[in-house]
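For reference, coords12.pdb (PDB, C-alpha atoms, pLDDT in the B column):
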ATOM      1  CA  MET A   1       1.781-136.659 185.188  1.00 77.00           C
ATOM      2  CA  SER A   2       0.732-133.655 183.216  1.00 82.00           C
ATOM      3  CA  MET A   3      -2.236-135.380 181.606  1.00 87.00           C
ATOM      4  CA  PHE A   4      -4.099-135.126 184.889  1.00 89.00           C
ATOM      5  CA  ARG A   5      -3.264-131.473 185.358  1.00 90.00           C
ATOM      6  CA  ALA A   6      -5.955-128.896 184.661  1.00 88.00           C
ATOM      7  CA  LYS A   7      -5.527-127.199 181.291  1.00 89.00           C
ATOM      8  CA  LYS A   8      -6.145-123.899 182.975  1.00 87.00           C
ATOM      9  CA  PHE A   9      -4.556-123.181 186.344  1.00 87.00           C
ATOM     10  CA  ASP A  10      -7.380-123.389 188.875  1.00 88.00           C
ATOM     11  CA  ILE A  11      -5.951-123.181 192.399  1.00 90.00           C
ATOM     12  CA  GLY A  12      -6.792-119.986 194.235  1.00 88.00           C
ATOM     13  CA  CYS A  13      -4.440-120.370 197.215  1.00 88.00           C
ATOM     14  CA  PHE A  14      -0.682-120.714 197.500  1.00 90.00           C
ATOM     15  CA  ALA A  15       0.514-123.052 194.772  1.00 90.00           C
ATOM     16  CA  ASN A  16       3.735-124.803 194.031  1.00 91.00           C
ATOM     17  CA  ILE A  17       4.295-127.934 192.008  1.00 93.00           C
ATOM     18  CA  LYS A  18       3.544-130.134 195.010  1.00 94.00           C
ATOM     19  CA  THR A  19       0.156-128.594 195.682  1.00 94.00           C
ATOM     20  CA  ILE A  20      -0.674-128.602 191.978  1.00 94.00           C
ATOM     21  CA  ARG A  21       0.240-132.285 191.828  1.00 94.00           C
ATOM     22  CA  ASP A  22      -1.834-133.061 194.888  1.00 94.00           C
ATOM     23  CA  HIS A  23      -4.762-131.148 193.421  1.00 94.00           C
ATOM     24  CA  SER A  24      -4.501-133.124 190.178  1.00 94.00           C
ATOM     25  CA  LYS A  25      -4.460-136.358 192.152  1.00 95.00           C
ATOM     26  CA  ARG A  26      -7.566-135.334 194.023  1.00 95.00           C
ATOM     27  CA  LYS A  27      -9.413-134.598 190.813  1.00 94.00           C
ATOM     28  CA  ALA A  28      -8.183-137.812 189.187  1.00 94.00           C
ATOM     29  CA  PHE A  29      -9.404-139.781 192.194  1.00 95.00           C
ATOM     30  CA  GLU A  30     -12.772-138.052 192.092  1.00 94.00           C
ATOM     31  CA  ALA A  31     -13.195-138.953 188.434  1.00 94.00           C
ATOM     32  CA  ALA A  32     -12.173-142.584 188.904  1.00 94.00           C
ATOM     33  CA  GLU A  33     -13.897-143.237 192.208  1.00 95.00           C
ATOM     34  CA  PRO A  34     -17.084-144.931 190.878  1.00 95.00           C
ATOM     35  CA  GLU A  35     -14.993-147.290 188.780  1.00 95.00           C
ATOM     36  CA  ARG A  36     -12.722-148.092 191.693  1.00 95.00           C
ATOM     37  CA  GLN A  37     -15.684-148.775 193.977  1.00 95.00           C
ATOM     38  CA  ALA A  38     -17.284-151.040 191.360  1.00 95.00           C
ATOM     39  CA  LEU A  39     -14.070-153.053 191.064  1.00 96.00           C
ATOM     40  CA  ARG A  40     -13.739-153.183 194.835  1.00 95.00           C
ATOM     41  CA  TYR A  41     -17.290-154.492 195.069  1.00 95.00           C
ATOM     42  CA  ILE A  42     -16.560-157.255 192.554  1.00 95.00           C
ATOM     43  CA  ILE A  43     -13.413-158.210 194.460  1.00 95.00           C
ATOM     44  CA  ARG A  44     -15.146-158.386 197.828  1.00 94.00           C
ATOM     45  CA  ASN A  45     -18.195-160.295 196.532  1.00 93.00           C
ATOM     46  CA  THR A  46     -17.518-163.950 197.293  1.00 93.00           C
ATOM     47  CA  THR A  47     -20.603-165.119 195.373  1.00 92.00           C
ATOM     48  CA  LEU A  48     -19.003-164.147 192.038  1.00 93.00           C
ATOM     49  CA  PRO A  49     -16.753-166.588 190.162  1.00 94.00           C
ATOM     50  CA  ALA A  50     -13.112-166.532 191.224  1.00 94.00           C
ATOM     51  CA  ARG A  51     -11.955-165.647 187.724  1.00 96.00           C
ATOM     52  CA  THR A  52     -14.074-162.489 187.553  1.00 95.00           C
ATOM     53  CA  ARG A  53     -12.758-161.405 190.919  1.00 96.00           C
ATOM     54  CA  ALA A  54      -9.155-162.031 189.937  1.00 96.00           C
ATOM     55  CA  ILE A  55      -9.625-159.965 186.758  1.00 96.00           C
ATOM     56  CA  ALA A  56     -11.138-157.165 188.804  1.00 95.00           C
ATOM     57  CA  GLN A  57      -8.158-157.296 191.160  1.00 96.00           C
ATOM     58  CA  LEU A  58      -5.786-156.963 188.236  1.00 97.00           C
ATOM     59  CA  GLN A  59      -7.765-154.095 186.764  1.00 95.00           C
ATOM     60  CA  LEU A  60      -7.771-152.264 190.071  1.00 95.00           C
ATOM     61  CA  THR A  61      -4.026-152.635 190.537  1.00 95.00           C
ATOM     62  CA  GLN A  62      -3.387-151.548 186.972  1.00 95.00           C
ATOM     63  CA  MET A  63      -5.265-148.285 187.302  1.00 94.00           C
ATOM     64  CA  HIS A  64      -3.078-145.199 187.289  1.00 94.00           C
ATOM     65  CA  CYS A  65      -1.492-144.377 190.618  1.00 93.00           C
ATOM     66  CA  TYR A  66      -2.998-140.858 190.502  1.00 94.00           C
ATOM     67  CA  THR A  67      -6.470-142.400 190.868  1.00 94.00           C
ATOM     68  CA  ARG A  68      -5.530-143.949 194.230  1.00 94.00           C
ATOM     69  CA  PRO A  69      -6.850-142.271 197.359  1.00 94.00           C
ATOM     70  CA  THR A  70      -3.667-143.090 199.271  1.00 94.00           C
ATOM     71  CA  GLN A  71      -1.725-140.776 196.968  1.00 93.00           C
ATOM     72  CA  ILE A  72      -3.618-137.794 198.335  1.00 94.00           C
ATOM     73  CA  ARG A  73      -1.954-135.874 201.122  1.00 94.00           C
ATOM     74  CA  ASN A  74      -3.254-132.813 202.894  1.00 94.00           C
ATOM     75  CA  ARG A  75      -1.007-129.832 202.258  1.00 94.00           C
ATOM     76  CA  CYS A  76      -0.903-126.385 203.766  1.00 94.00           C
ATOM     77  CA  ILE A  77      -2.974-123.896 201.731  1.00 93.00           C
ATOM     78  CA  LEU A  78      -0.758-121.034 202.872  1.00 93.00           C
ATOM     79  CA  GLY A  79       2.687-122.505 202.337  1.00 91.00           C
ATOM     80  CA  GLY A  80       2.292-125.865 200.616  1.00 91.00           C
ATOM     81  CA  LYS A  81       3.978-127.742 203.435  1.00 93.00           C
ATOM     82  CA  GLY A  82       3.191-131.448 203.657  1.00 92.00           C
ATOM     83  CA  ARG A  83       3.880-132.136 207.306  1.00 93.00           C
ATOM     84  CA  GLY A  84       2.307-130.964 210.522  1.00 94.00           C
ATOM     85  CA  ILE A  85      -1.019-130.065 208.904  1.00 95.00           C
ATOM     86  CA  LEU A  86      -4.083-129.401 211.041  1.00 94.00           C
ATOM     87  CA  ALA A  87      -6.764-130.933 208.835  1.00 92.00           C
ATOM     88  CA  ASP A  88      -9.557-128.794 210.291  1.00 92.00           C
ATOM     89  CA  PHE A  89      -7.812-125.624 209.174  1.00 93.00           C
ATOM     90  CA  LYS A  90      -5.879-127.010 206.169  1.00 93.00           C
ATOM     91  CA  MET A  91      -2.806-125.261 207.512  1.00 94.00           C
ATOM     92  CA  SER A  92       0.595-126.220 208.776  1.00 95.00           C
ATOM     93  CA  ARG A  93       1.038-125.861 212.509  1.00 95.00           C
ATOM     94  CA  TYR A  94       3.160-122.721 212.236  1.00 95.00           C
ATOM     95  CA  ASN A  95       0.850-120.947 209.791  1.00 94.00           C
ATOM     96  CA  PHE A  96      -2.041-121.969 212.009  1.00 95.00           C
ATOM     97  CA  ARG A  97      -0.324-120.371 214.981  1.00 95.00           C
ATOM     98  CA  LEU A  98       0.337-117.152 213.091  1.00 95.00           C
ATOM     99  CA  GLU A  99      -3.224-116.916 211.801  1.00 94.00           C
ATOM    100  CA  ALA A 100      -4.717-117.800 215.168  1.00 94.00           C
ATOM    101  CA  LEU A 101      -2.651-115.220 217.007  1.00 94.00           C
ATOM    102  CA  ALA A 102      -3.591-112.626 214.398  1.00 94.00           C
ATOM    103  CA  GLY A 103      -7.244-113.453 215.072  1.00 92.00           C
ATOM    104  CA  ASN A 104      -8.033-114.600 211.544  1.00 93.00           C
ATOM    105  CA  LEU A 105      -9.543-117.909 212.638  1.00 93.00           C
ATOM    106  CA  PRO A 106     -12.994-117.479 214.182  1.00 93.00           C
ATOM    107  CA  GLY A 107     -13.443-119.319 217.448  1.00 91.00           C
ATOM    108  CA  VAL A 108      -9.753-120.089 217.949  1.00 92.00           C
ATOM    109  CA  LYS A 109      -8.275-118.736 221.132  1.00 91.00           C
ATOM    110  CA  LYS A 110      -4.985-119.209 222.883  1.00 92.00           C
ATOM    111  CA  ALA A 111      -5.399-121.455 225.879  1.00 92.00           C
ATOM    112  CA  SER A 112      -4.211-120.273 229.249  1.00 91.00           C
ATOM    113  CA  TRP A 113      -4.873-121.726 232.674  1.00 87.00           C
TER     114      TRP A 113
ATOM    115  CA  MET B   1     -35.588-173.583 226.964  1.00 70.00           C
ATOM    116  CA  SER B   2     -34.011-173.737 223.535  1.00 84.00           C
ATOM    117  CA  VAL B   3     -35.575-172.388 220.341  1.00 84.00           C
ATOM    118  CA  PRO B   4     -35.146-174.438 217.160  1.00 88.00           C
ATOM    119  CA  ARG B   5     -32.834-172.850 214.575  1.00 87.00           C
ATOM    120  CA  ALA B   6     -35.453-172.991 211.818  1.00 89.00           C
ATOM    121  CA  ARG B   7     -37.744-170.832 213.915  1.00 91.00           C
ATOM    122  CA  LEU B   8     -34.986-168.346 214.618  1.00 90.00           C
ATOM    123  CA  LEU B   9     -34.262-168.150 210.884  1.00 91.00           C
ATOM    124  CA  ASP B  10     -37.911-167.458 210.182  1.00 91.00           C
ATOM    125  CA  LEU B  11     -37.791-164.660 212.690  1.00 92.00           C
ATOM    126  CA  MET B  12     -34.671-163.286 211.063  1.00 91.00           C
ATOM    127  CA  LYS B  13     -36.276-163.427 207.624  1.00 92.00           C
ATOM    128  CA  ALA B  14     -39.357-161.608 208.846  1.00 93.00           C
ATOM    129  CA  ARG B  15     -37.182-159.007 210.474  1.00 93.00           C
ATOM    130  CA  CYS B  16     -35.198-158.496 207.283  1.00 92.00           C
ATOM    131  CA  GLU B  17     -38.408-158.056 205.267  1.00 92.00           C
ATOM    132  CA  LEU B  18     -39.738-155.615 207.797  1.00 94.00           C
ATOM    133  CA  PHE B  19     -36.650-153.424 207.917  1.00 92.00           C
ATOM    134  CA  SER B  20     -35.746-154.081 204.269  1.00 88.00           C
ATOM    135  CA  THR B  21     -32.280-155.433 204.948  1.00 85.00           C
ATOM    136  CA  THR B  22     -30.666-158.369 203.139  1.00 84.00           C
ATOM    137  CA  PHE B  23     -31.376-161.797 204.514  1.00 85.00           C
ATOM    138  CA  ASN B  24     -27.986-163.470 204.788  1.00 85.00           C
ATOM    139  CA  PRO B  25     -28.007-166.053 207.583  1.00 83.00           C
ATOM    140  CA  GLU B  26     -24.674-167.645 206.600  1.00 84.00           C
ATOM    141  CA  GLY B  27     -22.934-164.301 206.710  1.00 83.00           C
ATOM    142  CA  ILE B  28     -21.639-164.669 203.140  1.00 89.00           C
ATOM    143  CA  ARG B  29     -19.498-161.705 202.086  1.00 90.00           C
ATOM    144  CA  THR B  30     -21.360-160.059 199.250  1.00 90.00           C
ATOM    145  CA  GLY B  31     -19.377-156.842 199.243  1.00 88.00           C
ATOM    146  CA  ASN B  32     -22.477-154.767 199.890  1.00 89.00           C
ATOM    147  CA  LYS B  33     -20.569-152.683 202.367  1.00 90.00           C
ATOM    148  CA  ILE B  34     -18.623-151.215 199.451  1.00 92.00           C
ATOM    149  CA  LEU B  35     -21.864-150.183 197.776  1.00 91.00           C
ATOM    150  CA  ARG B  36     -23.095-148.638 200.998  1.00 90.00           C
ATOM    151  CA  GLN B  37     -20.048-146.379 201.321  1.00 92.00           C
ATOM    152  CA  LYS B  38     -20.465-142.753 200.400  1.00 93.00           C
ATOM    153  CA  LEU B  39     -18.310-141.349 197.621  1.00 93.00           C
ATOM    154  CA  LYS B  40     -15.651-139.155 199.158  1.00 93.00           C
ATOM    155  CA  GLY B  41     -14.232-137.783 195.904  1.00 92.00           C
ATOM    156  CA  PRO B  42     -16.135-134.457 195.892  1.00 93.00           C
ATOM    157  CA  ALA B  43     -15.091-133.716 199.465  1.00 93.00           C
ATOM    158  CA  LEU B  44     -11.441-134.506 198.722  1.00 93.00           C
ATOM    159  CA  ALA B  45     -11.374-132.611 195.428  1.00 92.00           C
ATOM    160  CA  SER B  46     -12.632-129.405 197.037  1.00 92.00           C
ATOM    161  CA  TYR B  47      -9.693-129.201 199.454  1.00 93.00           C
ATOM    162  CA  TYR B  48      -7.820-126.397 197.729  1.00 93.00           C
ATOM    163  CA  PRO B  49      -9.817-123.188 197.159  1.00 92.00           C
ATOM    164  CA  ARG B  50     -10.492-122.619 193.460  1.00 91.00           C
ATOM    165  CA  LYS B  51      -9.441-119.583 191.527  1.00 89.00           C
ATOM    166  CA  VAL B  52     -12.439-117.295 191.405  1.00 86.00           C
ATOM    167  CA  LEU B  53     -11.570-114.281 189.257  1.00 82.00           C
ATOM    168  CA  THR B  54      -8.406-113.255 187.443  1.00 81.00           C
ATOM    169  CA  PHE B  55      -7.507-109.703 186.539  1.00 81.00           C
ATOM    170  CA  ARG B  56      -8.162-110.459 182.901  1.00 82.00           C
ATOM    171  CA  ASP B  57     -11.744-111.517 183.649  1.00 83.00           C
ATOM    172  CA  PHE B  58     -12.216-108.376 185.685  1.00 82.00           C
ATOM    173  CA  TYR B  59     -10.872-106.277 182.829  1.00 82.00           C
ATOM    174  CA  LYS B  60     -13.118-107.951 180.272  1.00 83.00           C
ATOM    175  CA  GLU B  61     -16.099-107.314 182.490  1.00 82.00           C
ATOM    176  CA  PHE B  62     -15.438-103.562 182.791  1.00 81.00           C
ATOM    177  CA  GLU B  63     -13.937-102.854 179.378  1.00 79.00           C
ATOM    178  CA  PRO B  64     -17.230-101.815 177.709  1.00 81.00           C
ATOM    179  CA  LEU B  65     -17.801 -99.127 180.362  1.00 82.00           C
ATOM    180  CA  ASN B  66     -14.612 -97.276 179.314  1.00 77.00           C
ATOM    181  CA  LEU B  67     -13.374 -97.073 182.866  1.00 76.00           C
ATOM    182  CA  MET B  68      -9.743 -96.602 183.764  1.00 74.00           C
ATOM    183  CA  ILE B  69      -8.467 -99.888 185.089  1.00 76.00           C
ATOM    184  CA  GLU B  70      -4.928-100.329 186.303  1.00 79.00           C
ATOM    185  CA  ASN B  71      -3.251-103.576 187.184  1.00 81.00           C
ATOM    186  CA  GLU B  72      -0.677-102.394 189.677  1.00 85.00           C
ATOM    187  CA  GLU B  73       1.191-105.667 189.781  1.00 86.00           C
ATOM    188  CA  GLU B  74       1.538-105.719 186.003  1.00 88.00           C
ATOM    189  CA  ILE B  75       2.728-102.083 185.958  1.00 91.00           C
ATOM    190  CA  ASP B  76       5.306-102.894 188.643  1.00 93.00           C
ATOM    191  CA  ARG B  77       6.499-105.862 186.623  1.00 93.00           C
ATOM    192  CA  LEU B  78       6.834-103.808 183.442  1.00 93.00           C
ATOM    193  CA  ASP B  79       8.745-101.104 185.348  1.00 94.00           C
ATOM    194  CA  HIS B  80      11.087-103.737 186.700  1.00 94.00           C
ATOM    195  CA  VAL B  81      11.682-105.169 183.213  1.00 94.00           C
ATOM    196  CA  ALA B  82      12.292-101.680 181.803  1.00 93.00           C
ATOM    197  CA  ALA B  83      14.821-100.982 184.556  1.00 94.00           C
ATOM    198  CA  LEU B  84      16.633-104.220 183.801  1.00 94.00           C
ATOM    199  CA  LYS B  85      16.754-103.392 180.089  1.00 92.00           C
ATOM    200  CA  ALA B  86      18.110 -99.911 180.822  1.00 92.00           C
ATOM    201  CA  ARG B  87      20.982-101.516 182.704  1.00 91.00           C
ATOM    202  CA  GLY B  88      21.537-103.964 179.890  1.00 87.00           C
ATOM    203  CA  LYS B  89      20.480-106.885 182.091  1.00 89.00           C
ATOM    204  CA  GLY B  90      17.282-107.789 180.272  1.00 85.00           C
ATOM    205  CA  THR B  91      16.445-111.075 178.629  1.00 87.00           C
ATOM    206  CA  PRO B  92      18.330-111.693 175.396  1.00 85.00           C
ATOM    207  CA  ARG B  93      16.574-111.151 172.106  1.00 84.00           C
ATOM    208  CA  LYS B  94      15.110-114.098 170.391  1.00 85.00           C
ATOM    209  CA  LYS B  95      17.210-115.459 167.575  1.00 82.00           C
ATOM    210  CA  ARG B  96      15.757-115.012 164.142  1.00 80.00           C
ATOM    211  CA  THR B  97      15.266-118.248 162.318  1.00 74.00           C
ATOM    212  CA  ALA B  98      16.719-116.781 159.098  1.00 68.00           C
ATOM    213  CA  ASP B  99      20.072-116.197 160.809  1.00 61.00           C
ATOM    214  CA  VAL B 100      20.372-119.725 162.028  1.00 59.00           C
ATOM    215  CA  VAL B 101      21.459-121.756 159.046  1.00 59.00           C
ATOM    216  CA  PRO B 102      22.840-125.160 159.947  1.00 61.00           C
ATOM    217  CA  LYS B 103      26.366-125.688 158.652  1.00 63.00           C
ATOM    218  CA  LYS B 104      26.718-128.236 155.966  1.00 62.00           C
ATOM    219  CA  LYS B 105      29.423-130.752 156.471  1.00 57.00           C
TER     220      LYS B 105
END
What is this file in structure tokens?
Amino acid sequence: MSMFRAKKFDIGCFANIKTIRDHSKRKAFEAAEPERQALRYIIRNTTLPARTRAIAQLQLTQMHCYTRPTQIRNRCILGGKGRGILADFKMSRYNFRLEALAGNLPGVKKASW
Amino acid sequence: MSVPRARLLDLMKARCELFSTTFNPEGIRTGNKILRQKLKGPALASYYPRKVLTFRDFYKEFEPLNLMIENEEEIDRLDHVAALKARGKGTPRKKRTADVVPKKK
């Protein structure tokens, strides 16, 4: 969905098409979030007429899939991997291990007991 | 000792006024919890670090000072391309539009 992609490449870390896509989704979600929350409010408000709520439901489901928060997935900023990501470090488990052993992550220390 | 419901409701109302919360004794779902949620878009959108400075920006910044600036990566790339061309393995030349005349049937 190239219409969501930034006109000028703006990722500073490792980038492949998957990370670029994920980045576009994040930005699309950020832009559409107020609208989504407004629709969600209308849907959840039982004091509003049923018709209004049904229309809001339709509108919410018909929004572009890139504006959905569930489309966003944390990816590794060093290798773009999508699985085994430590969210605190934004890294895949193997890259995390390498960086930690190299001492690039402040406060991270190999456990031994 | 039981307290009448009306009295309890009065208490609830007073409490709501005092702490400025919504008085909703029936527990009707008004969806206010959606409005109370914080927007998480900015936090999510800042996941990947942004590009700060490209070589071109750097060059533009220092061009007026007449300093020697070398982009090593670009020089390496040009060397590589030149080597390929010398071996005859470079990219093919672009076709000229004048040469390409569609055949008439």
### Straight-line distance linking atom CA of Ile55 of chain A with atom CA of Thr21 of chain B, stated in Å to one decimal
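Those two atoms sit 29.4 Å apart.
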Closest contacts (chain B/chain A, max 9 Å, all atoms listed in the file) as a Markdown table:
| residue | atom | partner | partner_atom | distance |
| --- | --- | --- | --- | --- |
| B:Ile28 | CA | A:Thr46 | CA | 7.2 |
| B:Arg29 | CA | A:Thr46 | CA | 5.7 |
| B:Thr30 | CA | A:Asn45 | CA | 4.2 |
| B:Gly31 | CA | A:Asn45 | CA | 4.5 |
| B:Asn32 | CA | A:Tyr41 | CA | 7.1 |
| B:Lys33 | CA | A:Tyr41 | CA | 8.2 |
| B:Ile34 | CA | A:Tyr41 | CA | 5.6 |
| B:Leu35 | CA | A:Tyr41 | CA | 6.8 |
| B:Gln37 | CA | A:Gln37 | CA | 8.9 |
| B:Leu39 | CA | A:Glu33 | CA | 7.2 |
| B:Lys40 | CA | A:Glu30 | CA | 7.7 |
| B:Gly41 | CA | A:Glu30 | CA | 4.1 |
| B:Pro42 | CA | A:Glu30 | CA | 6.2 |
| B:Ala43 | CA | A:Glu30 | CA | 8.9 |
| B:Leu44 | CA | A:Arg26 | CA | 6.1 |
| B:Ala45 | CA | A:Arg26 | CA | 4.9 |
| B:Ser46 | CA | A:Arg26 | CA | 8.4 |
| B:Tyr47 | CA | A:Lys90 | CA | 8.0 |
| B:Tyr48 | CA | A:Ile11 | CA | 6.5 |
| B:Pro49 | CA | A:Gly12 | CA | 5.3 |
| B:Arg50 | CA | A:Gly12 | CA | 4.6 |
| B:Lys51 | CA | A:Gly12 | CA | 3.8 |
| B:Val52 | CA | A:Gly12 | CA | 6.9 |
| B:Leu53 | CA | A:Gly12 | CA | 9.0 |
Could you write those residues out with C-alpha atoms, as a short mmCIF file (atom, residue, chain, number, x, y, z; two decimals), in the coordinates of the input?
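Dumped to again.cif:
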data_model
loop_
_atom_site.label_atom_id
_atom_site.label_comp_id
_atom_site.auth_asym_id
_atom_site.auth_seq_id
_atom_site.Cartn_x
_atom_site.Cartn_y
_atom_site.Cartn_z
CA ILE B 28 -21.64 -164.67 203.14
CA ARG B 29 -19.50 -161.71 202.09
CA THR B 30 -21.36 -160.06 199.25
CA GLY B 31 -19.38 -156.84 199.24
CA ASN B 32 -22.48 -154.77 199.89
CA LYS B 33 -20.57 -152.68 202.37
CA ILE B 34 -18.62 -151.22 199.45
CA LEU B 35 -21.86 -150.18 197.78
CA GLN B 37 -20.05 -146.38 201.32
CA LEU B 39 -18.31 -141.35 197.62
CA LYS B 40 -15.65 -139.16 199.16
CA GLY B 41 -14.23 -137.78 195.90
CA PRO B 42 -16.14 -134.46 195.89
CA ALA B 43 -15.09 -133.72 199.46
CA LEU B 44 -11.44 -134.51 198.72
CA ALA B 45 -11.37 -132.61 195.43
CA SER B 46 -12.63 -129.40 197.04
CA TYR B 47 -9.69 -129.20 199.45
CA TYR B 48 -7.82 -126.40 197.73
CA PRO B 49 -9.82 -123.19 197.16
CA ARG B 50 -10.49 -122.62 193.46
CA LYS B 51 -9.44 -119.58 191.53
CA VAL B 52 -12.44 -117.30 191.40
CA LEU B 53 -11.57 -114.28 189.26
#
### Task
Report the residues retrieved by the PyMOL selection byres ((chain A and resi 110) around 10) from the displayed file, expressed as a ChimeraX atom specification.
/A:97,100-101,103,108-109,111-112
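In this structure, atom CA of Arg68 of chain A sits 8.7 Å away from atom CA of Arg36 of chain A.
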#### Entry: Gap from atom CA of Lys13 of chain B to atom CA of Gly27 of chain B - Å, one decimal
13.4 Å
### Task
Could you tell me which residues the PyMOL selection byres ((chain A and resi 92) around 8) returns for this structure, as an NGL selection string?
:A and (75-76 or 78-79 or 81-86 or 90-91 or 93-96)
Could you write out that same residue set with C-alpha atoms as an mmCIF file, keeping the file's coordinate frame?
data_model
loop_
_atom_site.group_PDB
_atom_site.id
_atom_site.type_symbol
_atom_site.label_atom_id
_atom_site.label_comp_id
_atom_site.auth_asym_id
_atom_site.auth_seq_id
_atom_site.Cartn_x
_atom_site.Cartn_y
_atom_site.Cartn_z
ATOM 1 C CA ARG A 75 -1.007 -129.832 202.258
ATOM 2 C CA CYS A 76 -0.903 -126.385 203.766
ATOM 3 C CA LEU A 78 -0.758 -121.034 202.872
ATOM 4 C CA GLY A 79 2.687 -122.505 202.337
ATOM 5 C CA LYS A 81 3.978 -127.742 203.435
ATOM 6 C CA GLY A 82 3.191 -131.448 203.657
ATOM 7 C CA ARG A 83 3.880 -132.136 207.306
ATOM 8 C CA GLY A 84 2.307 -130.964 210.522
ATOM 9 C CA ILE A 85 -1.019 -130.065 208.904
ATOM 10 C CA LEU A 86 -4.083 -129.401 211.041
ATOM 11 C CA LYS A 90 -5.879 -127.010 206.169
ATOM 12 C CA MET A 91 -2.806 -125.261 207.512
ATOM 13 C CA ARG A 93 1.038 -125.861 212.509
ATOM 14 C CA TYR A 94 3.160 -122.721 212.236
ATOM 15 C CA ASN A 95 0.850 -120.947 209.791
ATOM 16 C CA PHE A 96 -2.041 -121.969 212.009
#
I want to know what sits within 12 Å of Phe58 of chain B, based on all atoms listed in the file, with residues of the same chain fewer than 3 positions away left out; could you give that as a short mmCIF file (atom, residue, chain, number, x, y, z; two decimals) with C-alpha atoms, in the frame of the given file?
data_model
loop_
_atom_site.label_atom_id
_atom_site.label_comp_id
_atom_site.auth_asym_id
_atom_site.auth_seq_id
_atom_site.Cartn_x
_atom_site.Cartn_y
_atom_site.Cartn_z
CA VAL B 52 -12.44 -117.30 191.40
CA LEU B 53 -11.57 -114.28 189.26
CA THR B 54 -8.41 -113.26 187.44
CA PHE B 55 -7.51 -109.70 186.54
CA GLU B 61 -16.10 -107.31 182.49
CA PHE B 62 -15.44 -103.56 182.79
CA GLU B 63 -13.94 -102.85 179.38
CA PRO B 64 -17.23 -101.82 177.71
CA LEU B 67 -13.37 -97.07 182.87
CA ILE B 69 -8.47 -99.89 185.09
CA GLU B 70 -4.93 -100.33 186.30
CA ASN B 71 -3.25 -103.58 187.18
#
### Query
Using all atoms listed in the file, which residue out of A:Glu99, A:Arg21, A:Gln59, A:Gln71 lies closest to Ser2 of chain A?
A:Arg21
### Query
Using all atoms listed in the file, which residue out of A:Asp88, A:Ala6, A:Ala50, A:Glu35 lies closest to Met63 of chain A?
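Among A:Asp88, A:Ala6, A:Ala50, A:Glu35, it is A:Glu35 that comes nearest to Met63 of chain A.
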